[in-house]
12 protein chains.
Amino acid sequence: MTVVRSTLPEEARRIAAEALQDTLVDLLGLSLIGKQAHWNVVGPRFRSVHLQLDEVVAATRAQADTVAERAATLGVPPDGRPETIAKVFSLPAPDEGWLRDSEAVQLMTDALGAAVTRLRERIDTTEKADPVTQDLLISITSELEKQRWMFEAENVPGTS
Amino acid sequence: MTVVRSTLPEEARRIAAEALQDTLVDLLGLSLIGKQAHWNVVGPRFRSVHLQLDEVVAATRAQADTVAERAATLGVPPDGRPETIAKVFSLPAPDEGWLRDSEAVQLMTDALGAAVTRLRERIDTTEKADPVTQDLLISITSELEKQRWMFEAENVPGTS
Amino acid sequence: MTVVRSTLPEEARRIAAEALQDTLVDLLGLSLIGKQAHWNVVGPRFRSVHLQLDEVVAATRAQADTVAERAATLGVPPDGRPETIAKVFSLPAPDEGWLRDSEAVQLMTDALGAAVTRLRERIDTTEKADPVTQDLLISITSELEKQRWMFEAENVPGTS
Amino acid sequence: MTVVRSTLPEEARRIAAEALQDTLVDLLGLSLIGKQAHWNVVGPRFRSVHLQLDEVVAATRAQADTVAERAATLGVPPDGRPETIAKVFSLPAPDEGWLRDSEAVQLMTDALGAAVTRLRERIDTTEKADPVTQDLLISITSELEKQRWMFEAENVPGTS
Amino acid sequence: MTVVRSTLPEEARRIAAEALQDTLVDLLGLSLIGKQAHWNVVGPRFRSVHLQLDEVVAATRAQADTVAERAATLGVPPDGRPETIAKVFSLPAPDEGWLRDSEAVQLMTDALGAAVTRLRERIDTTEKADPVTQDLLISITSELEKQRWMFEAENVPGTS
Amino acid sequence: MTVVRSTLPEEARRIAAEALQDTLVDLLGLSLIGKQAHWNVVGPRFRSVHLQLDEVVAATRAQADTVAERAATLGVPPDGRPETIAKVFSLPAPDEGWLRDSEAVQLMTDALGAAVTRLRERIDTTEKADPVTQDLLISITSELEKQRWMFEAENVPGTS
Amino acid sequence: MTVVRSTLPEEARRIAAEALQDTLVDLLGLSLIGKQAHWNVVGPRFRSVHLQLDEVVAATRAQADTVAERAATLGVPPDGRPETIAKVFSLPAPDEGWLRDSEAVQLMTDALGAAVTRLRERIDTTEKADPVTQDLLISITSELEKQRWMFEAENVPGTS
Amino acid sequence: MTVVRSTLPEEARRIAAEALQDTLVDLLGLSLIGKQAHWNVVGPRFRSVHLQLDEVVAATRAQADTVAERAATLGVPPDGRPETIAKVFSLPAPDEGWLRDSEAVQLMTDALGAAVTRLRERIDTTEKADPVTQDLLISITSELEKQRWMFEAENVPGTS
Amino acid sequence: MTVVRSTLPEEARRIAAEALQDTLVDLLGLSLIGKQAHWNVVGPRFRSVHLQLDEVVAATRAQADTVAERAATLGVPPDGRPETIAKVFSLPAPDEGWLRDSEAVQLMTDALGAAVTRLRERIDTTEKADPVTQDLLISITSELEKQRWMFEAENVPGTS
Amino acid sequence: MTVVRSTLPEEARRIAAEALQDTLVDLLGLSLIGKQAHWNVVGPRFRSVHLQLDEVVAATRAQADTVAERAATLGVPPDGRPETIAKVFSLPAPDEGWLRDSEAVQLMTDALGAAVTRLRERIDTTEKADPVTQDLLISITSELEKQRWMFEAENVPGTS
Amino acid sequence: MTVVRSTLPEEARRIAAEALQDTLVDLLGLSLIGKQAHWNVVGPRFRSVHLQLDEVVAATRAQADTVAERAATLGVPPDGRPETIAKVFSLPAPDEGWLRDSEAVQLMTDALGAAVTRLRERIDTTEKADPVTQDLLISITSELEKQRWMFEAENVPGTS
Amino acid sequence: MTVVRSTLPEEARRIAAEALQDTLVDLLGLSLIGKQAHWNVVGPRFRSVHLQLDEVVAATRAQADTVAERAATLGVPPDGRPETIAKVFSLPAPDEGWLRDSEAVQLMTDALGAAVTRLRERIDTTEKADPVTQDLLISITSELEKQRWMFEAENVPGTS
């Protein structure tokens, strides 16, 4: 059922759609593992990390929504179903159970770093295909890189 | 690592924890398929159903957070990771691709109805074990039943 | 026309529906006589009682809405039409014309007290049938009892 | 008990008071049947009509309050008791039970239309008696006519 | 210095201007005596009357601003200087010193009543001259009559 | 296609509709030339006039919406299409290019003055036909006259 | 009169200015026909489409303001006068009179689609000339494409 | 009637009361002439001065309220009646009629300057008598001096 | 002086009243020691714990108010006087002087844990006597258990 | 454990600290007896006094927080534990049980009056030692004296 | 101490970091001279320019924060210390002392113009190195160019 | 150019002006080093200290504005230019580069402590010269001492 027509030529649409679908899974996955860490974190920095993680969740949920609606806008139905996320999501993720605060911070530094690396590739890929999609990916990268910095800065050891 | 001590006796804790973990997966799953339908719905009722679905997403996300933190409060680490949801979630869910408005409405009626049936069993199970957990499940049921009614009322055919 | 399916077994649905319909009439009636007193009160305490009555009206209107939608949720169409209220409503009510402030306060103490007595019976009746409905009736009772206290405390005579 | 003195001559007061009392009953009745339809509407347009009806309820409740307080201001105690509404209210009204969306829309078009016709007569009647009351009736008419248009526009059949 | 040209013919402008200037003095005077009573009221109803008086002050200040700007709009410089108010203001007013609550209530009933009587004459006078000015006077009258009612209702004696 | 029935007799409807359609074009035109001046004004008073013009734009846009919906309410489809405005709009308007601040102020004084003159005629015309429409035109006139005063007062030369 | 100096070289300024002026007319035109459809739409989806159209109007009005001020910033006086819009605007537009809901939805899908096609050309044109202007056009395109999707998704026929 | 007992010794109370009563008249007078100038100002700076004057009015009204309630707090009934202001107020004030913008600015500079001079004397007088009253007078002086600076800075002639 | 009549039978009232009075003292005590710790905490986690403690204070103050008003509602005057709290309060509490952050966290874990244990007993006791009171105690327990978890999670030692 | 160094010399610190600690107990005590009266007041003025008392509670809670943090700022750990309040607090306080409205008003007049007397002594004591602390005590005195006035004005008998 | 790892290759990081550090100094300098002019401006346009300058300060402060955090995000510690700004800042700046309004407007036109010229170079430089940084610089340029236009438009001489 | 006349005698003005100018530099310097630390802080307490530093920045920016405008009010042009801050600012300040969290906390404790010492001297100096300026310096000292306490309390070592 082709219901929404794309405003892009076919090849450009294909490239943009793939970049968007991959980004959607990364963002939904980040929002889920962010919440998982938000609930399971323990340790002296609990409260601070608990609140910080919810900011990642809020950011990635809003970004996922924008990304999915951009895909639909291009005539490509986005796929954010549980089984799709579970199958495709490949960023670093927490194990089951309690998570020490320093582990949670390291995990988010790694997961956000990996997400950024993948986004930067998609920024290149979409430059010609669709500058509107590229602009969206740039703004997501900007936000996730900032979040990553704040986690990394937090894992620098205190003075002994 | 046993980090948070329960304020409940062991058996009661086990019962409440199981009810909460199962509810958590149902709610996270509902929030994901709610968004999936929000993005993929098409048809004359697009705008109305698109907005209505986001209310389900907002409600189930907030409820999932409360449920997961209640589990942690009882000393049981909640599990809301992508692979857990994919493996355990068993409510009716959409296929990939565009979704006609009437299909989306029927889907949510069914999914919410199934969720409510399972919640009512857990309300019975937790009555003795933990009235605090039971009270939380009652308020979630109340909200989901209301949402279900609004979808069902919407699928009554118009006058011919 | 059976349009909304109940999520309850038939007998439970019947009990809950009756409790909700009776409560709906009580609440709509209270909101109407609350406004009637709000408009017709006179006396030195006019302003204070005039404002206090509007809080009762706001509370009972919101409760009536929740109760009626709970009935619909259970597959039972609620009935809040003028003729139904006039026929069924049986709580103490004001006569036509101006109302002295002390009379208004006494009237609301009596009307709210009678409503609470009836609600407490319905809390018992619905305990087995539907704990979700029971929980709603408990919260309404809590609010109306508090309103009743504030009117009763106000009718204690001043120091002579 | 004559407690509030009118700022109008007797005959003018009588005319204005009658217009206000009749309007009060119409508005309270509209707010009650608006809620009745809000709760009982079913059909594909459920959500849209459900929300639209609540705007009528909010508008008529606020107008009823202003009208009743205007009567009191003129020294005439307003009467908005359940039995008065049931006895006097004569605009089109719904039967008991579920209401199809198109029926609800037609009902409100008719009820609002009848209310407007009656209001226009009272605008004429009060012109000489009390321009302040007339101005209030004009503003109510303006709002109800707008609401009527929106229901009527909604019942124009879709393209076949 | 004729700086702002009127949009009205000369005679209409003269009539409207006079009605507005007289109303301006009444409103500024009411706002000053309202504050005077707000500060000096004593007695068991102190708090209630203290708050009620501030509503009169807020209303009359806002109305005075609208009235004065309407005069300027018609090309007539409004005069709200202290000496003008002192010379022209002729509504009932408080003496120096503390004011019992019942006296304050009676004073406002009388002052607002006198203001309304004068406004009603100006509503007649301006009908032909300038319906825009008349409409403004009608809305001020509506508000002041309501305030008057609330003070008068408050001075009805309590039950013995 | 006659889709919305008027609540007025035919002749009254014709008169009110014509007044509303003419007013609609005036208001849409004022909002467009207000924006044009807002963008192109230069001179020492740039910031003050730039902000003041946006208040005219906001006011006339809101009024145009009310006026158009009033026409629809009376069963007459309003016409606010670009070509209609261009063809019918006849108030003073700016030339292409930068506009000195004093020119912008003079232009708005003239354009608003001309609009008010035309509105006052329509207030007369609609008095018998439809007091609800007349009341709307009165309130628009009141606002535009005030805006005109503020521009005119601003063009009085400073002290030399 | 050259009053605002450009921060761009002459040729770049010329290219950016043309892109901005053309975009300004498209956006002002869209805001006018959006309102026209908002007022004249009829049919079962009236309320939903009526509200959706106002979102297009709000978006295009805000965008038009940004675009016009960007032109002024580059030293080029923007032209948004009624006659300019009427002469230059060439996107699909409604005829006079009532508009069925499906026609309104189709019209907006077409008009927004045509606007997007033209914007994409201007994104190319301005890339070298002025990346700041290009970035603005990209964000406008992003928003209009999303609006277009929501109208198109809405015109997919319901299940028979 | 001595109704409110002072918390100060008699002599201190007398000194503080006199300072407060004199300040009250100055502030009420400033608020009245501020409004007078707000309504009657004309000239190229109309809008800017019109808005600035309303800030003086808002500030002095709030300060007058605090000062009067401080007097009542000390057991001294404040006097802010029209005739008292007219008799006692002695700061520079405007004549009847339109007021050029530069005259309004000069007037406020002078009136605020004179008020500040008088306040500084009262700050000295009340230092021993009542540091609470002194602190209030200091904060009023701080605000009025700031307002005075802003008017004075505005009357520095522009570059020729 | 029996001034407020209970809506409960005598024995039920006695049980509910005792549970409420005991809870009131626990909550007022928790709010006081929460503030004491809020002011005296020192150590690297000062800011985080300082803020967290204020959330406990806000929660327990609001709960104490609800509990006391529930007692009054049942016709039993609540007792929250300083000497009563000092005499009856028996939860873990801080010594005088500065409090290290880890000690503050441990203290709150213990105090909240003890409060919860006592609340759970009262939930049992009041089940039959008064489900409205029980429901209130359940919601307080839910909140305090959550607060306890957050303190306990915070005292899990960091990674060495 | 000396953890926070004072920014004052030792003797000044001692004087300021004592003034602050004594004030802290007075304020916490006032907030507790204010709530006690808020819950137990009865009589015709119930609602008015009930609300007024909550304003005292809100004010004294906020002031206590500021005072305690000022002590900590000076390097002195504040003591606001239940046993300290019970032992040290010596202002007039209510007995157990219901409290007539006039008694509550008299009690607060007396308690606030006594608190003010003590604060005025501390204003003297701290003048040389620490003007920052003195300034804080002045502002607290100002607020409490105003509250005292409002209660005292309220206990002036009504006209017989 | 290398504490935050860059997500960019070394050379790209060096280019982006230099662009960001230079921009940071420009923005902090602009915010400081904006405030300096805000405080020292005098002349007939004082109020308007005083307010306009604060908008520049608010904008440049927010931009400086974003730019500095972007540098940290790239692993480069930003330098915004007073001595660095004083040494490096080279945009046009005011002398000590009062500043006539026209001088302040000219100064800001020049300083913003110079800042924009430098930003446009950095937009070129960073295009390949880091599109995320480039996008940030584009949005800052857009805002500063708009501010520059508004100052320049304001310095066009008035009509003689 | 003497443009704003002082409301103080010459010697008092000189003393107050010097105190204000010195305070202005301290506050602007604190706001700059506060931001510098906000951007460069690293370590386990990153998030908490990062947020805390922004509160210092917000406070000192607002205080600097008040202080500079107070100087202008006294007829003395304030000097807050980059070169003035760099030359005069002498409080402890950070080096270039990343800053460990404990170092940042120590730095702010020292810098705020030094600022407070200097402010206390100015409080003495200005007591006779200008109590309005003194009052301002007292309130700034109060806020900065509180900020210093919170940093110092945070650097107390945790339990080993």
# chains A, B, ... in the order shown; residues from 1 in each chain; ligands from 1
>>> residues_around(residues="range 13-18 of chain D", least_positions_apart="6", cutoff="8 Å", atoms="only C-alpha atoms", output="list in words")
Ser6, Ala71, Leu74, Val76, Thr125, Thr126, Ala129, Asp130 and Thr133 of chain D
>>> closest_atom_pairs(of="chain F", to="chain G", cutoff="9 Å", atoms="only C-alpha atoms", output="JSON lines")
{"residue": "F:Met1", "atom": "CA", "partner": "G:Trp98", "partner_atom": "CA", "distance": 7.4}
{"residue": "F:Thr2", "atom": "CA", "partner": "G:Trp98", "partner_atom": "CA", "distance": 8.4}
{"residue": "F:Val3", "atom": "CA", "partner": "G:Trp98", "partner_atom": "CA", "distance": 7.7}
{"residue": "F:Val4", "atom": "CA", "partner": "G:Val42", "partner_atom": "CA", "distance": 8.8}
{"residue": "F:Leu28", "atom": "CA", "partner": "G:Leu32", "partner_atom": "CA", "distance": 8.9}
{"residue": "F:Gly29", "atom": "CA", "partner": "G:Pro82", "partner_atom": "CA", "distance": 6.7}
{"residue": "F:Leu32", "atom": "CA", "partner": "G:Arg81", "partner_atom": "CA", "distance": 6.2}
{"residue": "F:Ile33", "atom": "CA", "partner": "G:Arg81", "partner_atom": "CA", "distance": 6.0}
{"residue": "F:Lys35", "atom": "CA", "partner": "G:Gly80", "partner_atom": "CA", "distance": 7.7}
{"residue": "F:Gln36", "atom": "CA", "partner": "G:Gly80", "partner_atom": "CA", "distance": 5.8}
{"residue": "F:Trp39", "atom": "CA", "partner": "G:Glu69", "partner_atom": "CA", "distance": 6.1}
{"residue": "F:Asn40", "atom": "CA", "partner": "G:Pro77", "partner_atom": "CA", "distance": 5.9}
{"residue": "F:Val42", "atom": "CA", "partner": "G:Val3", "partner_atom": "CA", "distance": 7.7}
{"residue": "F:Asp65", "atom": "CA", "partner": "G:Lys35", "partner_atom": "CA", "distance": 8.1}
{"residue": "F:Ala68", "atom": "CA", "partner": "G:Trp39", "partner_atom": "CA", "distance": 6.7}
{"residue": "F:Glu69", "atom": "CA", "partner": "G:Trp39", "partner_atom": "CA", "distance": 6.1}
{"residue": "F:Ala72", "atom": "CA", "partner": "G:Trp39", "partner_atom": "CA", "distance": 7.0}
{"residue": "F:Val76", "atom": "CA", "partner": "G:Gly97", "partner_atom": "CA", "distance": 8.2}
{"residue": "F:Pro77", "atom": "CA", "partner": "G:Gly97", "partner_atom": "CA", "distance": 5.2}
{"residue": "F:Pro78", "atom": "CA", "partner": "G:Trp39", "partner_atom": "CA", "distance": 7.1}
{"residue": "F:Asp79", "atom": "CA", "partner": "G:Glu96", "partner_atom": "CA", "distance": 6.4}
{"residue": "F:Gly80", "atom": "CA", "partner": "G:Gln36", "partner_atom": "CA", "distance": 5.8}
{"residue": "F:Arg81", "atom": "CA", "partner": "G:Ile33", "partner_atom": "CA", "distance": 6.0}
{"residue": "F:Pro82", "atom": "CA", "partner": "G:Ala86", "partner_atom": "CA", "distance": 5.1}
{"residue": "F:Glu83", "atom": "CA", "partner": "G:Ala86", "partner_atom": "CA", "distance": 4.8}
{"residue": "F:Thr84", "atom": "CA", "partner": "G:Ala86", "partner_atom": "CA", "distance": 8.2}
{"residue": "F:Ile85", "atom": "CA", "partner": "G:Pro82", "partner_atom": "CA", "distance": 6.4}
{"residue": "F:Ala86", "atom": "CA", "partner": "G:Glu83", "partner_atom": "CA", "distance": 4.8}
{"residue": "F:Lys87", "atom": "CA", "partner": "G:Glu83", "partner_atom": "CA", "distance": 7.9}
{"residue": "F:Phe89", "atom": "CA", "partner": "G:Pro82", "partner_atom": "CA", "distance": 8.2}
{"residue": "F:Ala93", "atom": "CA", "partner": "G:Arg81", "partner_atom": "CA", "distance": 8.4}
{"residue": "F:Pro94", "atom": "CA", "partner": "G:Arg81", "partner_atom": "CA", "distance": 8.1}
{"residue": "F:Asp95", "atom": "CA", "partner": "G:Arg81", "partner_atom": "CA", "distance": 8.6}
{"residue": "F:Glu96", "atom": "CA", "partner": "G:Asp79", "partner_atom": "CA", "distance": 6.4}
{"residue": "F:Gly97", "atom": "CA", "partner": "G:Pro77", "partner_atom": "CA", "distance": 5.2}
{"residue": "F:Trp98", "atom": "CA", "partner": "G:Pro77", "partner_atom": "CA", "distance": 5.9}
>>> write_last_selection(atoms="C-alpha atoms", output="JSON list (two decimals), in the first residue's frame")
[["chain", "number", "residue", "atom", "x", "y", "z"],
["F", 1, "MET", "CA", -24.39, 24.44, -2.13],
["F", 2, "THR", "CA", -26.33, 25.88, 0.83],
["F", 3, "VAL", "CA", -24.79, 24.09, 3.75],
["F", 4, "VAL", "CA", -25.17, 26.27, 6.81],
["F", 28, "LEU", "CA", -7.03, 41.37, 6.31],
["F", 29, "GLY", "CA", -5.68, 44.29, 4.31],
["F", 32, "LEU", "CA", -0.95, 42.77, 5.57],
["F", 33, "ILE", "CA", 0.05, 46.42, 5.32],
["F", 35, "LYS", "CA", 3.29, 43.62, 8.51],
["F", 36, "GLN", "CA", 4.67, 45.35, 5.39],
["F", 39, "TRP", "CA", 9.35, 44.92, 8.03],
["F", 40, "ASN", "CA", 10.23, 48.04, 6.07],
["F", 42, "VAL", "CA", 13.49, 52.66, 9.24],
["F", 65, "ASP", "CA", -10.98, 35.54, 12.23],
["F", 68, "ALA", "CA", -15.16, 35.59, 9.01],
["F", 69, "GLU", "CA", -16.52, 32.99, 11.42],
["F", 72, "ALA", "CA", -20.06, 31.54, 8.24],
["F", 76, "VAL", "CA", -22.55, 33.08, 4.24],
["F", 77, "PRO", "CA", -19.14, 31.79, 3.12],
["F", 78, "PRO", "CA", -16.55, 34.52, 3.81],
["F", 79, "ASP", "CA", -14.02, 35.42, 1.11],
["F", 80, "GLY", "CA", -10.50, 36.26, 2.25],
["F", 81, "ARG", "CA", -8.52, 34.99, -0.75],
["F", 82, "PRO", "CA", -5.48, 36.97, -1.95],
["F", 83, "GLU", "CA", -7.16, 38.10, -5.18],
["F", 84, "THR", "CA", -10.24, 39.29, -3.33],
["F", 85, "ILE", "CA", -8.19, 41.39, -0.93],
["F", 86, "ALA", "CA", -6.12, 42.86, -3.77],
["F", 87, "LYS", "CA", -9.23, 43.74, -5.75],
["F", 89, "PHE", "CA", -9.04, 46.64, -0.38],
["F", 93, "ALA", "CA", -1.39, 51.59, 1.83],
["F", 94, "PRO", "CA", 2.42, 51.83, 1.61],
["F", 95, "ASP", "CA", 4.50, 51.82, -1.57],
["F", 96, "GLU", "CA", 7.20, 49.24, -2.13],
["F", 97, "GLY", "CA", 10.49, 49.69, -0.26],
["F", 98, "TRP", "CA", 11.80, 51.20, 2.96]]
>>> atom_distance(atom1="CA of Leu53 in chain A", atom2="CA of Arg61 in chain K")
26.8 Å
>>> select_by_dssp(residues="chain F", states="strand (DSSP E or B)", output="mmCIF file with all heavy atoms, in the first residue's frame")
data_model
loop_
_atom_site.group_PDB
_atom_site.id
_atom_site.type_symbol
_atom_site.label_atom_id
_atom_site.label_comp_id
_atom_site.auth_asym_id
_atom_site.auth_seq_id
_atom_site.Cartn_x
_atom_site.Cartn_y
_atom_site.Cartn_z
ATOM 1 N N VAL F 41 10.015 49.534 7.968
ATOM 2 C CA VAL F 41 10.199 50.813 8.647
ATOM 3 C C VAL F 41 11.684 51.031 8.977
ATOM 4 O O VAL F 41 12.399 50.096 9.325
ATOM 5 C CB VAL F 41 9.345 50.881 9.934
ATOM 6 C CG1 VAL F 41 9.771 49.845 10.954
ATOM 7 C CG2 VAL F 41 9.389 52.271 10.522
ATOM 8 N N VAL F 42 12.142 52.261 8.823
ATOM 9 C CA VAL F 42 13.494 52.657 9.240
ATOM 10 C C VAL F 42 13.419 54.042 9.882
ATOM 11 O O VAL F 42 12.439 54.757 9.700
ATOM 12 C CB VAL F 42 14.495 52.729 8.049
ATOM 13 C CG1 VAL F 42 14.729 51.362 7.434
ATOM 14 C CG2 VAL F 42 14.007 53.720 6.988
ATOM 15 N N LEU F 99 10.443 52.461 4.475
ATOM 16 C CA LEU F 99 9.422 53.411 4.900
ATOM 17 C C LEU F 99 9.961 54.141 6.130
ATOM 18 O O LEU F 99 10.273 53.506 7.133
ATOM 19 C CB LEU F 99 8.175 52.596 5.286
ATOM 20 C CG LEU F 99 6.807 53.221 5.332
ATOM 21 C CD1 LEU F 99 6.387 53.761 3.970
ATOM 22 C CD2 LEU F 99 5.801 52.163 5.816
ATOM 23 N N ARG F 100 10.103 55.490 6.028
ATOM 24 C CA ARG F 100 10.580 56.219 7.209
ATOM 25 C C ARG F 100 9.574 56.068 8.346
ATOM 26 O O ARG F 100 8.372 55.954 8.112
ATOM 27 C CB ARG F 100 10.781 57.694 6.891
ATOM 28 C CG ARG F 100 11.999 57.943 6.069
ATOM 29 C CD ARG F 100 12.353 59.405 5.950
ATOM 30 N NE ARG F 100 13.373 59.551 4.934
ATOM 31 C CZ ARG F 100 14.672 59.310 5.160
ATOM 32 N NH1 ARG F 100 15.080 58.942 6.366
ATOM 33 N NH2 ARG F 100 15.550 59.437 4.190
#
>>> atom_distance(atom1="CA of Thr7 in chain F", atom2="CA of Val132 in chain F")
11.4 Å
>>> residues_around(residues="Ala114 in chain C", least_positions_apart="6", cutoff="12 Å", atoms="only C-alpha atoms", output="list in words")
Thr23, Asp26, Leu27, Leu30, Phe89, Ser90, Leu91, Pro92, Ala93, Leu107, Met108, Arg120, Glu121, Thr141, Leu144, Glu145 and Arg148 of chain C; Thr7 of chain I
>>> write_last_selection(atoms="N, CA and C atoms", output="PDB file, in the first residue's frame")
ATOM      1  N   THR C  23     -24.603   7.158  41.973  1.00  0.00           N
ATOM      2  CA  THR C  23     -23.621   8.179  42.387  1.00  0.00           C
ATOM      3  C   THR C  23     -23.652   9.357  41.424  1.00  0.00           C
ATOM      4  N   ASP C  26     -26.496  11.639  42.327  1.00  0.00           N
ATOM      5  CA  ASP C  26     -26.173  12.387  43.557  1.00  0.00           C
ATOM      6  C   ASP C  26     -25.210  13.534  43.257  1.00  0.00           C
ATOM      7  N   LEU C  27     -24.202  13.263  42.469  1.00  0.00           N
ATOM      8  CA  LEU C  27     -23.173  14.280  42.212  1.00  0.00           C
ATOM      9  C   LEU C  27     -23.699  15.411  41.336  1.00  0.00           C
ATOM     10  N   LEU C  30     -25.906  17.447  43.523  1.00  0.00           N
ATOM     11  CA  LEU C  30     -25.112  18.292  44.425  1.00  0.00           C
ATOM     12  C   LEU C  30     -24.527  19.493  43.689  1.00  0.00           C
ATOM     13  N   PHE C  89     -33.030  12.293  42.187  1.00  0.00           N
ATOM     14  CA  PHE C  89     -32.235  12.965  43.216  1.00  0.00           C
ATOM     15  C   PHE C  89     -33.027  13.123  44.512  1.00  0.00           C
ATOM     16  N   SER C  90     -32.486  12.667  45.640  1.00  0.00           N
ATOM     17  CA  SER C  90     -33.260  12.668  46.888  1.00  0.00           C
ATOM     18  C   SER C  90     -32.488  13.224  48.076  1.00  0.00           C
ATOM     19  N   LEU C  91     -31.400  13.892  47.854  1.00  0.00           N
ATOM     20  CA  LEU C  91     -30.657  14.487  48.975  1.00  0.00           C
ATOM     21  C   LEU C  91     -31.343  15.793  49.379  1.00  0.00           C
ATOM     22  N   PRO C  92     -31.077  16.272  50.610  1.00  0.00           N
ATOM     23  CA  PRO C  92     -31.646  17.554  51.029  1.00  0.00           C
ATOM     24  C   PRO C  92     -31.315  18.648  50.023  1.00  0.00           C
ATOM     25  N   ALA C  93     -32.268  19.545  49.769  1.00  0.00           N
ATOM     26  CA  ALA C  93     -32.087  20.566  48.737  1.00  0.00           C
ATOM     27  C   ALA C  93     -32.774  21.858  49.160  1.00  0.00           C
ATOM     28  N   LEU C 107     -27.552  23.340  55.084  1.00  0.00           N
ATOM     29  CA  LEU C 107     -28.022  22.534  53.953  1.00  0.00           C
ATOM     30  C   LEU C 107     -26.897  21.701  53.364  1.00  0.00           C
ATOM     31  N   MET C 108     -25.754  22.318  53.162  1.00  0.00           N
ATOM     32  CA  MET C 108     -24.645  21.576  52.545  1.00  0.00           C
ATOM     33  C   MET C 108     -24.106  20.516  53.508  1.00  0.00           C
ATOM     34  N   ARG C 120     -20.842   5.220  51.187  1.00  0.00           N
ATOM     35  CA  ARG C 120     -20.206   4.173  52.004  1.00  0.00           C
ATOM     36  C   ARG C 120     -20.866   2.816  51.752  1.00  0.00           C
ATOM     37  N   GLU C 121     -22.184   2.835  51.547  1.00  0.00           N
ATOM     38  CA  GLU C 121     -22.847   1.562  51.207  1.00  0.00           C
ATOM     39  C   GLU C 121     -22.357   1.026  49.875  1.00  0.00           C
ATOM     40  N   THR C 141     -15.708   9.754  48.188  1.00  0.00           N
ATOM     41  CA  THR C 141     -16.132   9.856  49.591  1.00  0.00           C
ATOM     42  C   THR C 141     -15.157  10.698  50.395  1.00  0.00           C
ATOM     43  N   LEU C 144     -15.751  14.385  49.574  1.00  0.00           N
ATOM     44  CA  LEU C 144     -17.032  14.921  50.056  1.00  0.00           C
ATOM     45  C   LEU C 144     -17.077  14.992  51.579  1.00  0.00           C
ATOM     46  N   GLU C 145     -16.467  14.014  52.235  1.00  0.00           N
ATOM     47  CA  GLU C 145     -16.409  14.076  53.705  1.00  0.00           C
ATOM     48  C   GLU C 145     -15.618  15.283  54.170  1.00  0.00           C
ATOM     49  N   ARG C 148     -17.769  18.273  53.793  1.00  0.00           N
ATOM     50  CA  ARG C 148     -18.798  18.277  54.822  1.00  0.00           C
ATOM     51  C   ARG C 148     -18.253  18.804  56.146  1.00  0.00           C
TER      52      ARG C 148
ATOM     53  N   THR I   7     -18.761  10.687  60.568  1.00  0.00           N
ATOM     54  CA  THR I   7     -19.589   9.952  59.619  1.00  0.00           C
ATOM     55  C   THR I   7     -19.367   8.449  59.774  1.00  0.00           C
TER      56      THR I   7
END
